[in-house]
$ cat final.cif   # mmCIF, C-alpha atoms and all ligand atoms
data_coords
#
loop_
_atom_site.label_atom_id
_atom_site.label_comp_id
_atom_site.auth_asym_id
_atom_site.auth_seq_id
_atom_site.Cartn_x
_atom_site.Cartn_y
_atom_site.Cartn_z
CA MET A 26 -101.88 51.02 -137.28
CA ASN A 27 -102.96 52.32 -133.92
CA ASP A 28 -106.60 53.32 -133.80
CA PRO A 29 -107.25 55.24 -130.58
CA PHE A 30 -111.03 54.99 -130.98
CA ARG A 31 -111.27 51.40 -132.10
CA ILE A 32 -114.77 50.37 -131.05
CA SER A 33 -115.14 47.34 -128.81
CA ARG A 34 -115.92 43.95 -130.33
CA ARG A 35 -118.98 43.90 -128.08
CA LEU A 36 -120.62 46.52 -130.29
CA ALA A 37 -119.57 44.98 -133.62
CA ASP A 38 -122.81 43.11 -134.16
CA ILE A 39 -125.19 45.63 -132.57
CA LYS A 40 -127.56 47.67 -134.78
CA PRO A 41 -129.03 51.07 -133.94
CA SER A 42 -132.71 50.83 -132.93
CA ILE A 43 -134.65 51.14 -136.20
CA THR A 44 -137.77 52.48 -134.47
CA LEU A 45 -135.74 55.34 -133.07
CA ALA A 46 -133.88 55.79 -136.39
CA VAL A 47 -137.08 56.14 -138.45
CA THR A 48 -138.47 58.60 -135.93
CA ALA A 49 -135.27 60.67 -136.02
CA ARG A 50 -135.33 60.74 -139.85
CA ALA A 51 -138.93 61.94 -139.87
CA ALA A 52 -138.06 64.62 -137.28
CA ARG A 53 -135.14 65.81 -139.43
CA LEU A 54 -137.36 66.12 -142.50
CA ARG A 55 -139.92 68.04 -140.44
CA ALA A 56 -137.18 70.38 -139.15
CA ASP A 57 -136.38 71.08 -142.82
CA GLY A 58 -139.96 72.21 -143.29
CA ILE A 59 -141.17 69.03 -145.00
CA ASP A 60 -144.65 67.87 -144.04
CA VAL A 61 -144.16 64.26 -142.92
CA ILE A 62 -146.84 62.16 -141.25
CA GLY A 63 -145.18 60.00 -138.61
CA PHE A 64 -146.26 56.46 -137.77
CA GLY A 65 -142.75 55.73 -136.46
CA ALA A 66 -142.06 55.54 -132.76
CA GLY A 67 -144.49 53.85 -130.46
CA GLU A 68 -145.09 56.91 -128.37
CA PRO A 69 -148.48 58.22 -127.19
CA ASP A 70 -149.32 61.65 -128.60
CA PHE A 71 -151.02 62.52 -125.28
CA ASP A 72 -149.33 64.60 -122.60
CA THR A 73 -148.66 63.04 -119.19
CA PRO A 74 -151.80 63.44 -117.00
CA GLU A 75 -151.76 66.58 -114.87
CA HIS A 76 -151.92 64.91 -111.43
CA ILE A 77 -148.71 63.02 -112.29
CA LYS A 78 -146.94 66.21 -113.36
CA ASP A 79 -148.16 67.87 -110.15
CA ALA A 80 -146.52 65.14 -108.05
CA ALA A 81 -143.21 65.82 -109.80
CA ARG A 82 -143.57 69.57 -109.19
CA ARG A 83 -144.30 68.91 -105.52
CA ALA A 84 -141.28 66.60 -105.18
CA LEU A 85 -139.07 69.25 -106.73
CA ALA A 86 -140.43 71.97 -104.44
CA ALA A 87 -139.93 69.71 -101.41
CA GLY A 88 -136.26 69.20 -102.29
CA GLU A 89 -136.54 65.54 -103.27
CA THR A 90 -133.44 66.05 -105.36
CA LYS A 91 -130.98 63.60 -103.82
CA TYR A 92 -129.83 60.10 -104.66
CA THR A 93 -132.36 57.48 -103.64
CA HIS A 94 -131.89 53.78 -102.96
CA VAL A 95 -130.44 52.28 -106.17
CA ALA A 96 -133.54 50.10 -106.61
CA GLY A 97 -135.93 53.04 -106.15
CA THR A 98 -137.54 54.62 -103.10
CA LEU A 99 -139.25 52.24 -100.72
CA ALA A 100 -142.52 54.13 -101.27
CA LEU A 101 -142.35 53.53 -105.03
CA ARG A 102 -141.38 49.88 -104.71
CA GLN A 103 -144.22 49.38 -102.23
CA ALA A 104 -146.64 51.05 -104.67
CA ILE A 105 -145.42 48.68 -107.40
CA CYS A 106 -145.96 45.65 -105.11
CA ASN A 107 -149.50 46.86 -104.38
CA GLU A 108 -150.14 47.25 -108.11
CA LEU A 109 -148.81 43.75 -108.91
CA SER A 110 -151.07 42.39 -106.20
CA SER A 111 -154.21 44.23 -107.28
CA ALA A 112 -153.68 43.79 -111.04
CA HIS A 113 -152.55 40.13 -111.07
CA GLY A 114 -152.86 38.77 -107.54
CA LEU A 115 -149.08 38.34 -107.45
CA SER A 116 -147.25 38.74 -104.17
CA PHE A 117 -143.87 40.50 -104.26
CA GLY A 118 -141.99 42.32 -101.50
CA PRO A 119 -140.20 45.62 -102.15
CA ASP A 120 -136.82 43.86 -102.20
CA ALA A 121 -137.99 41.82 -105.20
CA VAL A 122 -138.46 44.98 -107.28
CA LEU A 123 -135.92 47.11 -109.17
CA VAL A 124 -136.88 50.45 -110.73
CA SER A 125 -134.82 51.37 -113.80
CA ALA A 126 -134.68 54.06 -116.50
CA GLY A 127 -137.42 52.58 -118.66
CA ALA A 128 -138.58 49.01 -119.24
CA LYS A 129 -135.81 48.95 -121.84
CA HIS A 130 -133.24 49.45 -119.09
CA SER A 131 -134.96 46.80 -116.96
CA LEU A 132 -134.66 44.30 -119.80
CA TYR A 133 -131.03 45.22 -120.41
CA ASN A 134 -130.18 44.74 -116.72
CA LEU A 135 -132.05 41.45 -116.74
CA PHE A 136 -130.22 39.93 -119.71
CA MET A 137 -126.88 41.22 -118.40
CA ALA A 138 -127.50 39.63 -115.01
CA LEU A 139 -128.81 36.33 -116.39
CA LEU A 140 -126.78 35.36 -119.43
CA ASP A 141 -123.36 33.86 -120.01
CA PRO A 142 -121.77 33.39 -123.44
CA GLY A 143 -123.60 30.66 -125.31
CA ASP A 144 -126.80 30.94 -123.26
CA GLU A 145 -129.81 31.07 -125.57
CA VAL A 146 -132.97 33.12 -125.30
CA VAL A 147 -136.05 32.22 -127.34
CA ILE A 148 -137.60 35.30 -128.93
CA PRO A 149 -140.86 34.81 -130.83
CA ALA A 150 -140.95 36.76 -134.13
CA PRO A 151 -142.20 39.32 -135.00
CA TYR A 152 -140.38 40.78 -132.01
CA TRP A 153 -139.63 44.22 -130.62
CA VAL A 154 -136.42 45.38 -132.28
CA SER A 155 -134.32 45.64 -129.13
CA TYR A 156 -134.62 42.10 -127.70
CA PRO A 157 -132.10 40.32 -129.96
CA ASP A 158 -129.54 43.11 -129.68
CA MET A 159 -129.86 43.26 -125.90
CA VAL A 160 -129.36 39.50 -125.65
CA LYS A 161 -126.27 39.78 -127.86
CA LEU A 162 -124.90 42.69 -125.82
CA ALA A 163 -125.17 40.46 -122.76
CA GLY A 164 -123.15 37.78 -124.55
CA GLY A 165 -126.15 35.51 -125.11
CA THR A 166 -127.55 34.10 -128.33
CA PRO A 167 -131.03 35.08 -129.51
CA VAL A 168 -132.95 32.16 -131.02
CA ILE A 169 -135.82 33.42 -133.13
CA ALA A 170 -139.00 31.32 -133.03
CA PRO A 171 -141.33 32.20 -135.89
CA THR A 172 -145.07 32.73 -135.47
CA ARG A 173 -147.62 32.85 -138.27
CA VAL A 174 -150.26 35.44 -138.95
CA GLU A 175 -152.67 32.53 -139.59
CA GLU A 176 -152.11 31.52 -135.95
CA GLY A 177 -152.71 35.04 -134.70
CA PHE A 178 -148.97 35.72 -134.41
CA LEU A 179 -148.94 33.57 -131.25
CA LEU A 180 -146.09 31.19 -130.51
CA SER A 181 -147.17 27.58 -130.96
CA PRO A 182 -145.88 24.82 -128.67
CA ALA A 183 -144.32 23.19 -131.76
CA ALA A 184 -142.39 26.36 -132.66
CA LEU A 185 -141.22 26.70 -129.06
CA ALA A 186 -140.13 23.04 -128.95
CA ALA A 187 -138.18 23.52 -132.18
CA ALA A 188 -136.37 26.55 -130.74
CA ILE A 189 -135.34 24.93 -127.47
CA THR A 190 -131.86 23.42 -127.12
CA PRO A 191 -129.90 22.28 -124.07
CA ARG A 192 -128.54 25.84 -123.86
CA THR A 193 -131.91 27.62 -123.67
CA ARG A 194 -132.20 29.71 -120.52
CA ALA A 195 -135.15 32.01 -121.14
CA ILE A 196 -138.11 32.92 -123.32
CA VAL A 197 -139.40 36.43 -123.97
CA LEU A 198 -143.16 36.85 -123.93
CA ASN A 199 -144.49 40.26 -124.95
CA SER A 200 -148.26 40.43 -124.70
CA PRO A 201 -149.76 42.51 -126.20
CA SER A 202 -146.97 42.47 -128.73
CA ASN A 203 -144.99 45.21 -130.32
CA PRO A 204 -145.20 45.13 -133.38
CA THR A 205 -148.24 42.89 -134.06
CA GLY A 206 -150.69 43.77 -131.28
CA ALA A 207 -151.26 40.03 -130.76
CA ALA A 208 -152.01 39.08 -127.16
CA TYR A 209 -151.88 35.74 -125.35
CA ASP A 210 -155.07 34.58 -123.67
CA ARG A 211 -154.94 31.94 -120.95
CA ALA A 212 -155.29 29.04 -123.41
CA ALA A 213 -152.38 30.28 -125.55
CA LEU A 214 -150.19 30.55 -122.45
CA GLU A 215 -151.36 27.20 -121.09
CA ALA A 216 -150.27 25.60 -124.34
CA LEU A 217 -146.68 26.77 -123.75
CA ARG A 218 -146.64 26.04 -120.02
CA PRO A 219 -145.64 22.33 -120.04
CA LEU A 220 -142.50 22.99 -122.09
CA ILE A 221 -141.53 26.05 -120.07
CA GLU A 222 -142.02 24.22 -116.77
CA GLU A 223 -140.29 21.04 -117.88
CA ARG A 224 -137.23 22.93 -119.11
CA GLU A 225 -137.40 25.48 -116.27
CA LEU A 226 -137.02 28.42 -118.64
CA VAL A 227 -136.99 31.91 -117.22
CA VAL A 228 -140.07 33.72 -118.55
CA VAL A 229 -139.23 37.32 -119.35
CA SER A 230 -142.73 38.79 -119.41
CA ASP A 231 -142.67 42.22 -121.01
CA ASP A 232 -146.02 43.62 -119.90
CA ILE A 233 -145.46 47.21 -121.06
CA TYR A 234 -148.69 47.19 -123.15
CA ARG A 235 -150.82 45.13 -120.74
CA ARG A 236 -153.19 47.98 -119.93
CA LEU A 237 -153.77 48.71 -123.61
CA VAL A 238 -156.09 45.86 -124.58
CA TYR A 239 -159.30 46.20 -126.55
CA GLY A 240 -162.70 44.58 -126.96
CA ASP A 241 -163.23 41.49 -124.78
CA PHE A 242 -159.56 40.70 -124.38
CA ARG A 243 -158.33 40.34 -120.79
CA PHE A 244 -154.60 40.40 -120.05
CA VAL A 245 -153.22 37.27 -118.36
CA GLN A 246 -149.91 37.42 -116.49
CA PRO A 247 -147.96 34.17 -117.12
CA ALA A 248 -146.98 33.90 -113.42
CA THR A 249 -150.65 33.37 -112.55
CA LEU A 250 -150.79 30.05 -114.43
CA SER A 251 -149.20 27.90 -111.73
CA PRO A 252 -146.86 28.12 -108.73
CA LYS A 253 -144.08 26.78 -110.96
CA MET A 254 -144.68 29.50 -113.56
CA ALA A 255 -144.69 32.07 -110.73
CA SER A 256 -141.25 30.82 -109.67
CA LEU A 257 -139.90 31.17 -113.24
CA THR A 258 -141.38 34.54 -114.27
CA VAL A 259 -139.78 37.97 -114.17
CA VAL A 260 -142.36 40.74 -114.64
CA VAL A 261 -141.17 43.75 -116.64
CA ASP A 262 -143.50 46.73 -116.87
CA GLY A 263 -143.40 50.50 -116.97
CA TRP A 264 -145.17 53.80 -117.35
CA SER A 265 -144.22 54.93 -120.86
CA LYS A 266 -147.18 53.67 -122.84
CA ALA A 267 -150.31 53.54 -120.65
CA TYR A 268 -149.49 56.74 -118.71
CA ALA A 269 -147.99 58.66 -121.66
CA MET A 270 -144.68 58.98 -119.81
CA THR A 271 -142.08 57.98 -122.43
CA GLY A 272 -139.70 60.85 -121.69
CA TRP A 273 -139.64 60.27 -117.93
CA ARG A 274 -137.66 57.05 -118.35
CA LEU A 275 -139.24 54.77 -115.79
CA GLY A 276 -139.66 51.01 -115.75
CA PHE A 277 -139.37 48.13 -113.33
CA ALA A 278 -138.64 44.44 -112.99
CA ALA A 279 -140.06 42.16 -110.30
CA GLY A 280 -138.80 38.64 -109.79
CA PRO A 281 -136.71 36.31 -107.66
CA LYS A 282 -134.65 38.29 -105.15
CA ARG A 283 -131.37 36.67 -106.27
CA LEU A 284 -131.82 37.95 -109.82
CA ILE A 285 -133.14 41.37 -108.74
CA ASP A 286 -130.13 41.75 -106.42
CA ALA A 287 -127.72 41.01 -109.29
CA MET A 288 -129.54 43.49 -111.54
CA SER A 289 -129.35 46.09 -108.73
CA THR A 290 -125.62 45.52 -108.38
CA LEU A 291 -125.20 46.17 -112.09
CA GLN A 292 -127.38 49.27 -111.90
CA GLY A 293 -125.49 50.48 -108.81
CA GLN A 294 -122.25 50.29 -110.76
CA SER A 295 -123.63 51.91 -113.90
CA THR A 296 -126.56 54.33 -113.65
CA SER A 297 -127.66 54.24 -109.97
CA ASN A 298 -131.21 55.24 -109.15
CA VAL A 299 -133.79 56.61 -111.58
CA THR A 300 -134.34 60.39 -111.30
CA SER A 301 -135.81 61.10 -107.86
CA ILE A 302 -138.48 63.45 -109.21
CA ALA A 303 -139.61 60.91 -111.80
CA GLN A 304 -139.98 58.35 -109.01
CA ALA A 305 -142.37 60.65 -107.16
CA ALA A 306 -144.40 61.01 -110.36
CA ALA A 307 -144.45 57.22 -110.78
CA ILE A 308 -146.06 56.80 -107.35
CA ALA A 309 -148.76 59.33 -108.26
CA ALA A 310 -149.39 57.44 -111.49
CA LEU A 311 -149.90 54.13 -109.67
CA THR A 312 -152.00 55.48 -106.84
CA GLY A 313 -153.94 58.28 -108.57
CA PRO A 314 -157.16 58.40 -110.61
CA THR A 315 -157.47 55.97 -113.50
CA GLU A 316 -160.10 57.70 -115.64
CA CYS A 317 -157.39 59.36 -117.73
CA LEU A 318 -155.94 55.93 -118.55
CA ASP A 319 -159.33 54.69 -119.71
CA GLU A 320 -159.79 57.78 -121.87
CA MET A 321 -156.46 57.26 -123.60
CA ARG A 322 -157.17 53.56 -124.08
CA HIS A 323 -160.60 54.28 -125.58
CA GLU A 324 -159.05 56.76 -127.97
CA PHE A 325 -156.41 54.21 -129.06
CA ASP A 326 -159.21 51.71 -129.63
CA ARG A 327 -161.16 54.22 -131.75
CA ARG A 328 -158.05 54.78 -133.86
CA ARG A 329 -157.48 51.05 -134.17
CA GLN A 330 -160.99 50.71 -135.55
CA VAL A 331 -160.22 53.35 -138.17
CA ILE A 332 -156.68 52.42 -139.21
CA VAL A 333 -157.13 48.66 -139.66
CA PRO A 334 -160.09 48.81 -142.11
CA ARG A 335 -158.41 51.63 -144.02
CA LEU A 336 -155.23 49.62 -144.42
CA ARG A 337 -157.25 46.57 -145.46
CA ALA A 338 -158.99 48.67 -148.12
CA ILE A 339 -155.67 49.23 -149.94
CA PRO A 340 -155.43 46.74 -152.83
CA GLY A 341 -153.10 43.82 -152.06
CA VAL A 342 -152.77 44.68 -148.37
CA THR A 343 -153.77 42.35 -145.55
CA CYS A 344 -153.71 43.44 -141.92
CA PHE A 345 -153.98 41.44 -138.70
CA GLU A 346 -156.53 42.72 -136.18
CA PRO A 347 -154.51 43.80 -133.12
CA GLN A 348 -155.98 43.00 -129.69
CA GLY A 349 -153.70 45.41 -127.86
CA ALA A 350 -150.82 47.93 -127.90
CA PHE A 351 -151.05 50.67 -130.55
CA TYR A 352 -149.54 49.21 -133.68
CA ALA A 353 -150.95 48.04 -137.00
CA PHE A 354 -148.73 45.55 -138.82
CA PRO A 355 -149.91 45.19 -142.42
CA ASP A 356 -148.36 42.82 -144.94
CA LEU A 357 -147.19 44.90 -147.93
CA SER A 358 -145.25 42.12 -149.63
CA ALA A 359 -147.51 42.46 -152.70
CA TYR A 360 -145.66 45.71 -153.43
CA LEU A 361 -142.14 44.35 -153.25
CA GLY A 362 -140.28 43.90 -156.53
CA ARG A 363 -142.03 46.88 -158.09
CA ARG A 364 -140.55 50.13 -159.30
CA ALA A 365 -141.04 53.70 -158.05
CA PRO A 366 -141.97 56.51 -160.49
CA GLY A 367 -138.39 57.78 -160.10
CA GLY A 368 -137.10 54.41 -161.25
CA GLN A 369 -135.74 52.98 -158.00
CA ALA A 370 -136.43 49.32 -157.38
CA ILE A 371 -138.45 48.42 -154.31
CA VAL A 372 -136.32 45.39 -153.52
CA ASP A 373 -137.46 44.88 -149.95
CA ASP A 374 -139.44 46.43 -147.09
CA VAL A 375 -136.52 48.72 -146.16
CA ALA A 376 -136.46 50.17 -149.70
CA LEU A 377 -140.26 50.42 -149.56
CA CYS A 378 -140.16 52.39 -146.29
CA ASP A 379 -137.44 54.68 -147.70
CA TYR A 380 -139.65 55.36 -150.71
CA LEU A 381 -142.73 55.91 -148.54
CA LEU A 382 -140.83 58.47 -146.47
CA ASP A 383 -138.90 60.23 -149.24
CA VAL A 384 -141.70 60.35 -151.81
CA GLY A 385 -144.90 59.55 -149.92
CA ARG A 386 -143.97 61.70 -146.89
CA VAL A 387 -145.18 59.07 -144.50
CA ALA A 388 -142.91 57.44 -141.89
CA VAL A 389 -143.46 53.72 -141.19
CA VAL A 390 -141.02 51.14 -139.82
CA PRO A 391 -139.84 48.20 -141.98
CA GLY A 392 -140.94 44.79 -140.73
CA SER A 393 -137.49 43.29 -141.23
CA GLY A 394 -136.37 45.20 -138.13
CA PHE A 395 -138.92 43.10 -136.23
CA GLY A 396 -137.95 39.83 -137.91
CA ALA A 397 -140.88 40.06 -140.35
CA PRO A 398 -139.72 41.11 -143.84
CA GLY A 399 -142.51 42.26 -146.15
CA PHE A 400 -144.51 43.80 -143.31
CA VAL A 401 -144.39 47.39 -142.06
CA ARG A 402 -145.37 48.81 -138.68
CA LEU A 403 -147.57 51.83 -138.16
CA SER A 404 -147.99 53.27 -134.68
CA TYR A 405 -151.52 54.60 -134.29
CA ALA A 406 -150.60 56.53 -131.16
CA THR A 407 -151.12 59.64 -133.23
CA SER A 408 -154.09 61.86 -134.02
CA MET A 409 -157.10 60.63 -135.98
CA ALA A 410 -156.42 63.35 -138.58
CA ALA A 411 -152.86 62.10 -139.05
CA ILE A 412 -154.15 58.54 -139.34
CA THR A 413 -156.66 59.29 -142.08
CA ARG A 414 -154.35 61.60 -144.05
CA GLY A 415 -151.33 59.35 -143.50
CA VAL A 416 -153.05 56.17 -144.68
CA ASP A 417 -154.32 58.07 -147.76
CA ARG A 418 -150.73 59.06 -148.50
CA LEU A 419 -149.58 55.50 -148.01
CA ALA A 420 -152.28 54.24 -150.39
CA ASP A 421 -151.40 56.86 -153.03
CA ALA A 422 -147.67 56.13 -152.79
CA LEU A 423 -148.30 52.39 -153.13
CA ALA A 424 -150.63 52.96 -156.09
CA ALA A 425 -147.85 54.89 -157.84
CA LEU A 426 -145.59 51.82 -157.89
CA SER A 427 -145.47 49.87 -161.14
N1 LIG B 1 -140.84 46.72 -124.47
C1 LIG B 1 -141.54 46.96 -125.59
C2 LIG B 1 -142.22 45.83 -126.26
C3 LIG B 1 -141.62 48.26 -126.10
O1 LIG B 1 -142.31 48.48 -127.22
C4 LIG B 1 -140.97 49.30 -125.43
C5 LIG B 1 -141.08 50.67 -126.05
N2 LIG B 1 -140.01 51.43 -126.08
C6 LIG B 1 -140.25 48.99 -124.28
C7 LIG B 1 -140.21 47.70 -123.82
C8 LIG B 1 -139.49 50.00 -123.48
O2 LIG B 1 -140.22 51.07 -123.04
P1 LIG B 1 -139.61 52.14 -122.03
O3 LIG B 1 -138.14 51.92 -121.96
O4 LIG B 1 -139.98 53.46 -122.57
O5 LIG B 1 -140.26 51.84 -120.70
N1 LIG B 2 -140.78 50.98 -128.10
C1 LIG B 2 -141.11 52.07 -128.97
C2 LIG B 2 -141.17 51.58 -130.39
O1 LIG B 2 -141.08 50.40 -130.64
C3 LIG B 2 -140.22 53.26 -128.77
C4 LIG B 2 -138.89 53.23 -129.46
C5 LIG B 2 -137.99 52.18 -128.91
O2 LIG B 2 -137.57 52.31 -127.77
O3 LIG B 2 -137.78 51.21 -129.63
O4 LIG B 2 -141.35 52.36 -131.27
#
$ encode --input "final.cif" --output "structure tokens"
Amino acid sequence: MNDPFRISRRLADIKPSITLAVTARAARLRADGIDVIGFGAGEPDFDTPEHIKDAARRALAAGETKYTHVAGTLALRQAICNELSSAHGLSFGPDAVLVSAGAKHSLYNLFMALLDPGDEVVIPAPYWVSYPDMVKLAGGTPVIAPTRVEEGFLLSPAALAAAITPRTRAIVLNSPSNPTGAAYDRAALEALRPLIEERELVVVSDDIYRRLVYGDFRFVQPATLSPKMASLTVVVDGWSKAYAMTGWRLGFAAGPKRLIDAMSTLQGQSTSNVTSIAQAAAIAALTGPTECLDEMRHEFDRRRQVIVPRLRAIPGVTCFEPQGAFYAFPDLSAYLGRRAPGGQAIVDDVALCDYLLDVGRVAVVPGSGFGAPGFVRLSYATSMAAITRGVDRLADALAALS
């Protein structure tokens, strides 16, 4: 029978983003007047700093309301090059940079421009939910390389070697990581370097959380390891997390001109430039005062130091100490296989998260969405009051399982 709205085969194997889905469910419950504490989306609770908003207001008043260059205004791309130079000592020209509608869009453009059917991309697990689906959308094949909490959730050379085949084109490195908060120091990156260089893998370095590191940890950009690594690395970064600018939809990729040109062609035939006003704000973010960034980072760190011990105090729960980002990723597998007071079986982490939301009134994301069944993710980019009350609710709901 004819089906006018038959959906393309391309979408058949693509799941909705579970981080966004959990957040939407919590918002719906709240709209119904139900008091839910949300640890769902990784989104800072802070407002965008005022000087950044001012720049957008000024751009609007000055009539900066037209199309810009597809890749972003020259002024913004130059500001990004300056930032890459001062932050990492990396040298890029403005024509090696593409500004897109979020780092998510940058990654999508990248995989679309790079991959052919059958090309494989190594993705260390636990991974951010969108990488495997984006690779699949681009016709590629995600190859999941497991990491172990005992090894700090860092990819070992052995696990990378086991994941590599003759079809491997790229590896995704996300440091600090969503969802674990694990971050690669120089030694951890050096351990992977020989394999990456020998096989000439493209390093997709998702640096979106690089400013949010805590304690003594110092972020290391993989391209700084060697000239060869510099020639293989594509830097992906953005404004959403460190500048509290999730809704502005701004991100960028910097890499070899040939790849950036192909990504720009795709963007020019799909979405064109990022909103002109947002681009003006992005320049102000990169060139303006940085105290506000430090304040937000310190506050995230304070929350980290509250949420992790509280989670660890729940019987049967272990929790890795994150070095960056704003996620706690406890192992709740001790609670799987139990029964809720209402009788439903907690068969897996998805059922557990449903129970925690429906009964416990606390929204957390199941680890299976990140390739880590038995774990759950809590974003601590929320107020201290929500953290303490929310973890109490979590503990009570878990204690009610039999
Ligand atoms: N990479 C990672 C690891 C993320 O957690 C996010 C958060 N959404 C993104 C990329 C994309 O961020 P955005 O599109 O808001 O820049
Ligand atoms: N990256 C954030 C998260 O993991 C925002 C939602 C999304 O884009 O996945 O929660």
$ atom_distance --input "final.cif" --atom1 "CA of Met137 in chain A" --atom2 "CA of Gly165 in chain A"
8.8 Å
$ atom_distance --input "final.cif" --atom1 "CA of Asp72 in chain A" --atom2 "CA of Glu316 in chain A"
14.6 Å
$ closest_atom_pairs --input "final.cif" --of "chain A" --to "ligand LIG 1 (chain B)" --cutoff "7 Å" --atoms "all atoms listed in the file" --output "CSV"
residue,atom,partner,partner_atom,distance
A:Gly67,CA,B:LIG1,C5,6.4
A:Ala126,CA,B:LIG1,O3,6.8
A:Gly127,CA,B:LIG1,O3,3.4
A:Ala128,CA,B:LIG1,O5,3.6
A:Lys129,CA,B:LIG1,O3,3.8
A:His130,CA,B:LIG1,O3,6.2
A:Trp153,CA,B:LIG1,C2,5.3
A:Asn199,CA,B:LIG1,C2,6.2
A:Ser202,CA,B:LIG1,C2,6.3
A:Asn203,CA,B:LIG1,C2,5.0
A:Asp231,CA,B:LIG1,N1,6.0
A:Ile233,CA,B:LIG1,N1,5.8
A:Gly263,CA,B:LIG1,O5,5.1
A:Trp264,CA,B:LIG1,O5,6.3
A:Ser265,CA,B:LIG1,O4,4.8
A:Thr271,CA,B:LIG1,O4,5.0
A:Arg274,CA,B:LIG1,O4,6.0
A:Leu275,CA,B:LIG1,O5,5.8
A:Gly276,CA,B:LIG1,O5,5.1
$ write_last_selection --input "final.cif" --atoms "C-alpha atoms" --output "compact mmCIF listing (two decimals), in the coordinates of the input"
# COMPACT_ATOMS: atom_id res chain seq x y z
CA GLY A 67 -144.49 53.85 -130.46
CA ALA A 126 -134.68 54.06 -116.50
CA GLY A 127 -137.42 52.58 -118.66
CA ALA A 128 -138.58 49.01 -119.24
CA LYS A 129 -135.81 48.95 -121.84
CA HIS A 130 -133.24 49.45 -119.09
CA TRP A 153 -139.63 44.22 -130.62
CA ASN A 199 -144.49 40.26 -124.95
CA SER A 202 -146.97 42.47 -128.73
CA ASN A 203 -144.99 45.21 -130.32
CA ASP A 231 -142.67 42.22 -121.01
CA ILE A 233 -145.46 47.21 -121.06
CA GLY A 263 -143.40 50.50 -116.97
CA TRP A 264 -145.17 53.80 -117.35
CA SER A 265 -144.22 54.93 -120.86
CA THR A 271 -142.08 57.98 -122.43
CA ARG A 274 -137.66 57.05 -118.35
CA LEU A 275 -139.24 54.77 -115.79
CA GLY A 276 -139.66 51.01 -115.75
$ closest_residue --input "final.cif" --among "A:Pro219, A:Pro191, A:Pro201, A:Gly399" --to "Tyr352 in chain A" --atoms "all atoms listed in the file"
A:Pro201
$ atom_distance --input "final.cif" --atom1 "CA of Arg236 in chain A" --atom2 "CA of Ser289 in chain A"
26.4 Å
$ closest_residue --input "final.cif" --among "A:Phe30, A:Phe117, A:Tyr156, A:Phe242" --to "ligand LIG 2 (chain B)" --atoms "all atoms listed in the file"
A:Tyr156
$ closest_residue --input "final.cif" --among "A:Tyr360, A:Phe395, A:Phe71, A:Tyr209" --to "ligand LIG 2 (chain B)" --atoms "all atoms listed in the file"
A:Phe395
$ residues_around --input "final.cif" --residues "Ile189 in chain A" --least-positions-apart "2" --cutoff "10 Å" --atoms "all atoms listed in the file" --output "list in words"
Glu145, Val146, Val147, Val168, Ala170, Ala184, Leu185, Ala186, Ala187, Pro191, Arg192, Thr193, Arg194, Ala195, Ile196, Leu220, Ile221, Arg224 and Leu226 of chain A
$ residues_near_ligand --input "final.cif" --ligand "ligand LIG 2 (chain B)" --cutoff "8 Å" --atoms "all atoms listed in the file" --output "MDAnalysis selection string"
chainID A and resid 42:45 65:68 129 153:155 203:204 404
$ residues_near_point --input "final.cif" --point "(-160.7, 56.9, -129.7)" --cutoff "12 Å" --atoms "only C-alpha atoms" --output "count of residues only"
23
$ closest_residue --input "final.cif" --among "A:Val229, A:Leu99, A:Cys378, A:Ala269" --to "Asp70 in chain A" --atoms "only C-alpha atoms"
A:Ala269
$ residues_around --input "final.cif" --residues "Ala310 in chain A" --least-positions-apart "3" --cutoff "9 Å" --atoms "all atoms listed in the file" --output "PyMOL selection string"
chain A and resi 74+76-77+80+264+268+305-307+313-315
$ closest_residue --input "final.cif" --among "A:Phe277, A:Thr190, A:Val387, A:Ala248" --to "Gly143 in chain A" --atoms "only C-alpha atoms"
A:Thr190
$ closest_residue --input "final.cif" --among "A:Leu361, A:Ala420, A:Leu403, A:Ala388" --to "Arg50 in chain A" --atoms "all atoms listed in the file"
A:Ala388
$ residues_near_point --input "final.cif" --point "(-151.1, 43.6, -123.3)" --cutoff "7 Å" --atoms "only C-alpha atoms" --output "mmCIF file with C-alpha atoms, keeping the file's coordinate frame"
data_model
loop_
_atom_site.group_PDB
_atom_site.id
_atom_site.type_symbol
_atom_site.label_atom_id
_atom_site.label_comp_id
_atom_site.auth_asym_id
_atom_site.auth_seq_id
_atom_site.Cartn_x
_atom_site.Cartn_y
_atom_site.Cartn_z
ATOM 1 C CA SER A 200 -148.260 40.430 -124.700
ATOM 2 C CA PRO A 201 -149.760 42.510 -126.200
ATOM 3 C CA SER A 202 -146.970 42.470 -128.730
ATOM 4 C CA ALA A 208 -152.010 39.080 -127.160
ATOM 5 C CA ASP A 232 -146.020 43.620 -119.900
ATOM 6 C CA TYR A 234 -148.690 47.190 -123.150
ATOM 7 C CA ARG A 235 -150.820 45.130 -120.740
ATOM 8 C CA ARG A 236 -153.190 47.980 -119.930
ATOM 9 C CA LEU A 237 -153.770 48.710 -123.610
ATOM 10 C CA VAL A 238 -156.090 45.860 -124.580
ATOM 11 C CA PHE A 244 -154.600 40.400 -120.050
ATOM 12 C CA GLY A 349 -153.700 45.410 -127.860
ATOM 13 C CA ALA A 350 -150.820 47.930 -127.900
#
$ residues_around --input "final.cif" --residues "Ser393 in chain A" --least-positions-apart "5" --cutoff "9 Å" --atoms "all atoms listed in the file" --output "list in words"
Pro151, Asp373, Asp374, Val375, Pro398, Gly399, Phe400 and Val401 of chain A
